[in-house]
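First comes the structure, then the notes that go with it.
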Number of protein chains: 2
Amino acid sequence: MSDQEAALRQIKRGSEELLVEAELVEKLKTGRPLRVKAGFDPTAPDLHLGHTVLINKLRHFQELGHQVVFLIGDFTGMIGDPSGKNVTRPPLSREQVLENARTYREQVFKILDPEKTEVVFNSTWFETLGASGMIRLAAQHTVARMLERDDFSKRYASGLPIAIHEFLYPLCQGYDSVALKADVELGGTDQKFNLLVGRELQKHYGQAPQCVLTVPLLEGLDGVNKMSKSLGNYVGIYEPPQEIFGKLMSVSDVLMWRYYDLLSFKSEAEIAALRQAAANGKNPRDIKVALAQEIVARFHGQAAATAALEDFEARFCQGAIPDDLPEFTLKADKPEGLSIAQALKQSGLTPSTSDAIRMIAGGGVKADGEKVSNKGVVFSIGSTVVLQVGKRKFAKVKVE
Amino acid sequence: MSDQEAALRQIKRGSEELLVEAELVEKLKTGRPLRVKAGFDPTAPDLHLGHTVLINKLRHFQELGHQVVFLIGDFTGMIGDPSGKNVTRPPLSREQVLENARTYREQVFKILDPEKTEVVFNSTWFETLGASGMIRLAAQHTVARMLERDDFSKRYASGLPIAIHEFLYPLCQGYDSVALKADVELGGTDQKFNLLVGRELQKHYGQAPQCVLTVPLLEGLDGVNKMSKSLGNYVGIYEPPQEIFGKLMSVSDVLMWRYYDLLSFKSEAEIAALRQAAANGKNPRDIKVALAQEIVARFHGQAAATAALEDFEARFCQGAIPDDLPEFTLKADKPEGLSIAQALKQSGLTPSTSDAIRMIAGGGVKADGEKVSNKGVVFSIGSTVVLQVGKRKFAKVKVE
């Protein structure tokens, strides 16, 4: 495999669609560093692993010697929602935009190489474009073609309103590519139409059209829905190391391989070797540990990754919780459930409730691996909890 | 009839549609001078009577004490045709716009009172609006409602392209009304949709919506098609007095009454009296003369009107051409028709063709009242011409 074939393979890895591959091959052949654009909202970033799929792909380009253009779309952000319908989207001030840009840098430079990253703001060119420039821009596209965009055509067909400025946003995004002379633009699959508008506009302005590379939306921890904060199935890159570690250990084996493809920086060959090992009987948990370690190290450093692993093992692996712990089904003693003192007493972990309360005060009681310091804890009806007193006494309690 | 009723009647005279009449009544009741807006292209104006229907209506408002806002749409004119499709519409320079504005003033102040006319340019507000302001403006209207405009819906249905900037122009026109706080806007019937967009935008910006008054398109001299330069059925306000006079004398009696309604400054009562006189047997030609006189006087002054009338009468009325002149039907002597020398000889006006040529050279020959100085004139087959030699010798010649 030639260097160029290897480069193309690396670029396409885990991506959804590349338009137009032959054009990208030509661009790669020139040997010059390509300008690889990706646009981001100017709103306060709080990235989760779903967002990093695209950022990882930018990193691939950097590893191949290309220049990333990290575009912050502050122009529209400073307009806010002009329809006035979305009260939760007030316009951002210049200060907020700059602060958000700082936070972006902090987060993405955990993945990207700052030396090969240009952070730009599209207000730079839109503020001088003027109303007349916006009209000229709007002249470059037709209503009919804009209505071909999937969400527009659905809304139009079902009589839902489309405000005219919504037609201007894809044109603005496309004009960014003109202003930046982008060679490649990356985006989620839902961005394909807009990325193609960029190609059209570049042609109109006499530039070689950018190649378009779309990346898939990452599934959340449930393996079904896309990762999103509102669905609660996400891993935030700023969550504590143990939290990230634990969440990644909880995913299914199938999802683990998907995460390897989209999130790991291991080479394809390394991942193939892991798959082979699993096929040969290696415990998938160990392969999951390696992934969780890699991700924690990326955002919190190697030391934190090691500590998270040790903590995890202390709690769940090194026999800390025996496989054959005694199980009890206990009746609630309160309308809201079973008090911890009763649970400890009835499961035989403490001789009495007062002993139980004393043990809690002394820091010797854990529930599901977490130390309990509040004697008022109540386990709700239907829940199951693993209780631990001291180092060796365990019981699994089901409340009914 | 109260003053207000009279005012409303005067405003509605000859108009096509008033939206919303009740609102205009309320505005008139306030007694304050209303701001009456009309927008004009920034291209070089060369007005004909068709254009003056609207300007006359503005004058009616002035006569009732209101303020005319004469808007020159230079903003879009300075953009040109951004689609690049219309090469005949290059952008105008600031100098051209100012020069055109000067020419406008020169022409419209023959009708309007300069004291009650504010001439404004919409570049004033659009140059500071910016790209962001344009997006906010575009957010105030939906794609579906814009597609309801008759020409848009037809083009969309038949697959003809509509460039997106075409959706911005009605919004710009509407925003002019916001910037000017217009109480009333006038326009041709083809402008109704755009004028209503102005109403919507004003409501959105917290202003009382403007009333919309549309005026009909004036029929040209043929009485069928709308008056237009390209159809050749027009009367330009800068044509020579005799030309205007003659063209107006050529219209049908039916069209004459239409022109009275839309072009004359005579009161409705005066026009009613003329109609009565015609019904009682007054020669319509005399009524037509009065109209032609009024129009010539408006654009060239009373002296020119008097002179045009005298010239017209000298040629066609005061017995200069006898009612009972001898008629001849003569055969063409050339493939293209009958030469003037043969026509003069065969009709007996000159004894020979050489006498005819001598008379032409001496300036003593007229054809249809116009002096002939070219002996090579040929009358085409099928034509009829009144020939005159000296003061008293006439003949009507038909060529076959």
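Here's how to read the names in the structure tokens: chain A, B, ... by the order shown, residue numbers from 1 in each chain, ligand numbers from 1 in the order shown.
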
Contacts of region 346-358 of chain B within 8 Å, only C-alpha atoms, excl. fewer than 2 positions in-chain, as a list of chain:residue names: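 The residues satisfying every condition are B:Phe328, B:Leu330, B:Ala341, B:Gln342, B:Ala343, B:Leu344, B:Ile360, B:Ala361, B:Gly362, B:Lys375, B:Gln388, B:Val389, B:Lys393, B:Phe394, B:Ala395, B:Val397.
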
How would the residues just chosen look if you wrote them out with C-alpha atoms as an mmCIF file, in the first residue's frame?
```
data_model
loop_
_atom_site.group_PDB
_atom_site.id
_atom_site.type_symbol
_atom_site.label_atom_id
_atom_site.label_comp_id
_atom_site.auth_asym_id
_atom_site.auth_seq_id
_atom_site.Cartn_x
_atom_site.Cartn_y
_atom_site.Cartn_z
ATOM 1 C CA PHE B 328 -57.802 59.827 -56.760
ATOM 2 C CA LEU B 330 -53.611 55.852 -58.654
ATOM 3 C CA ALA B 341 -43.797 63.437 -58.705
ATOM 4 C CA GLN B 342 -46.189 61.009 -60.450
ATOM 5 C CA ALA B 343 -48.734 61.461 -57.662
ATOM 6 C CA LEU B 344 -48.657 65.260 -58.085
ATOM 7 C CA ILE B 360 -40.827 70.289 -54.080
ATOM 8 C CA ALA B 361 -37.429 72.012 -54.352
ATOM 9 C CA GLY B 362 -39.167 75.371 -53.781
ATOM 10 C CA LYS B 375 -38.238 64.483 -54.360
ATOM 11 C CA GLN B 388 -51.043 70.013 -51.060
ATOM 12 C CA VAL B 389 -49.357 72.354 -53.511
ATOM 13 C CA LYS B 393 -54.479 73.047 -54.211
ATOM 14 C CA PHE B 394 -55.323 69.753 -52.484
ATOM 15 C CA ALA B 395 -55.843 66.162 -53.512
ATOM 16 C CA VAL B 397 -54.428 60.090 -53.302
#
```

6 Å contact set for region 42-55 of chain A, only C-alpha atoms, chain neighbours under 3 positions out, as a list of chain:residue names: A:Leu58, A:Ile72, A:Gly73, A:Asp74, A:Gly77, A:Asn100, A:Leu218, A:Met227, A:Val235, A:Gly236, A:Ile237, A:Leu262

Please compute the CA of Pro216 (chain B)-CA of Glu16 (chain B) distance, one decimal, in Å. 5.6 Å

Within 8 Å of chain A, which residues of chain B come that close, and what is the closest atom pair and distance in Å for each? Count only C-alpha atoms and give it as JSON lines.
```
{"residue": "B:Phe75", "atom": "CA", "partner": "A:Ser132", "partner_atom": "CA", "distance": 7.8}
{"residue": "B:Thr76", "atom": "CA", "partner": "A:Ser132", "partner_atom": "CA", "distance": 7.6}
{"residue": "B:Ile79", "atom": "CA", "partner": "A:Ser132", "partner_atom": "CA", "distance": 6.4}
{"residue": "B:Pro82", "atom": "CA", "partner": "A:Arg136", "partner_atom": "CA", "distance": 4.9}
{"residue": "B:Ser83", "atom": "CA", "partner": "A:Ala139", "partner_atom": "CA", "distance": 5.1}
{"residue": "B:Phe126", "atom": "CA", "partner": "A:Ala131", "partner_atom": "CA", "distance": 6.5}
{"residue": "B:Glu127", "atom": "CA", "partner": "A:Ala131", "partner_atom": "CA", "distance": 6.8}
{"residue": "B:Thr128", "atom": "CA", "partner": "A:Gly130", "partner_atom": "CA", "distance": 7.8}
{"residue": "B:Leu129", "atom": "CA", "partner": "A:Ala131", "partner_atom": "CA", "distance": 6.3}
{"residue": "B:Gly130", "atom": "CA", "partner": "A:Gly130", "partner_atom": "CA", "distance": 4.1}
{"residue": "B:Ala131", "atom": "CA", "partner": "A:Ala131", "partner_atom": "CA", "distance": 4.4}
{"residue": "B:Ser132", "atom": "CA", "partner": "A:Ile79", "partner_atom": "CA", "distance": 6.4}
{"residue": "B:Gly133", "atom": "CA", "partner": "A:Ala131", "partner_atom": "CA", "distance": 7.2}
{"residue": "B:Met134", "atom": "CA", "partner": "A:Ala131", "partner_atom": "CA", "distance": 5.6}
{"residue": "B:Ile135", "atom": "CA", "partner": "A:His165", "partner_atom": "CA", "distance": 5.4}
{"residue": "B:Arg136", "atom": "CA", "partner": "A:Pro82", "partner_atom": "CA", "distance": 4.9}
{"residue": "B:Leu137", "atom": "CA", "partner": "A:His165", "partner_atom": "CA", "distance": 7.7}
{"residue": "B:Ala138", "atom": "CA", "partner": "A:His165", "partner_atom": "CA", "distance": 4.6}
{"residue": "B:Ala139", "atom": "CA", "partner": "A:His165", "partner_atom": "CA", "distance": 4.8}
{"residue": "B:Gln140", "atom": "CA", "partner": "A:Ser83", "partner_atom": "CA", "distance": 6.5}
{"residue": "B:His141", "atom": "CA", "partner": "A:Ala163", "partner_atom": "CA", "distance": 5.7}
{"residue": "B:Thr142", "atom": "CA", "partner": "A:Ala163", "partner_atom": "CA", "distance": 4.2}
{"residue": "B:Val143", "atom": "CA", "partner": "A:Ile164", "partner_atom": "CA", "distance": 5.5}
{"residue": "B:Ala144", "atom": "CA", "partner": "A:Pro161", "partner_atom": "CA", "distance": 6.9}
{"residue": "B:Tyr156", "atom": "CA", "partner": "A:Ala144", "partner_atom": "CA", "distance": 7.3}
{"residue": "B:Pro161", "atom": "CA", "partner": "A:Thr142", "partner_atom": "CA", "distance": 6.1}
{"residue": "B:Ile162", "atom": "CA", "partner": "A:Thr142", "partner_atom": "CA", "distance": 5.3}
{"residue": "B:Ala163", "atom": "CA", "partner": "A:Thr142", "partner_atom": "CA", "distance": 4.1}
{"residue": "B:Ile164", "atom": "CA", "partner": "A:Ala138", "partner_atom": "CA", "distance": 5.1}
{"residue": "B:His165", "atom": "CA", "partner": "A:Ala138", "partner_atom": "CA", "distance": 4.6}
{"residue": "B:Glu166", "atom": "CA", "partner": "A:Ala139", "partner_atom": "CA", "distance": 7.5}
{"residue": "B:Phe167", "atom": "CA", "partner": "A:Ile164", "partner_atom": "CA", "distance": 7.7}
{"residue": "B:Leu168", "atom": "CA", "partner": "A:Ile135", "partner_atom": "CA", "distance": 7.2}
```
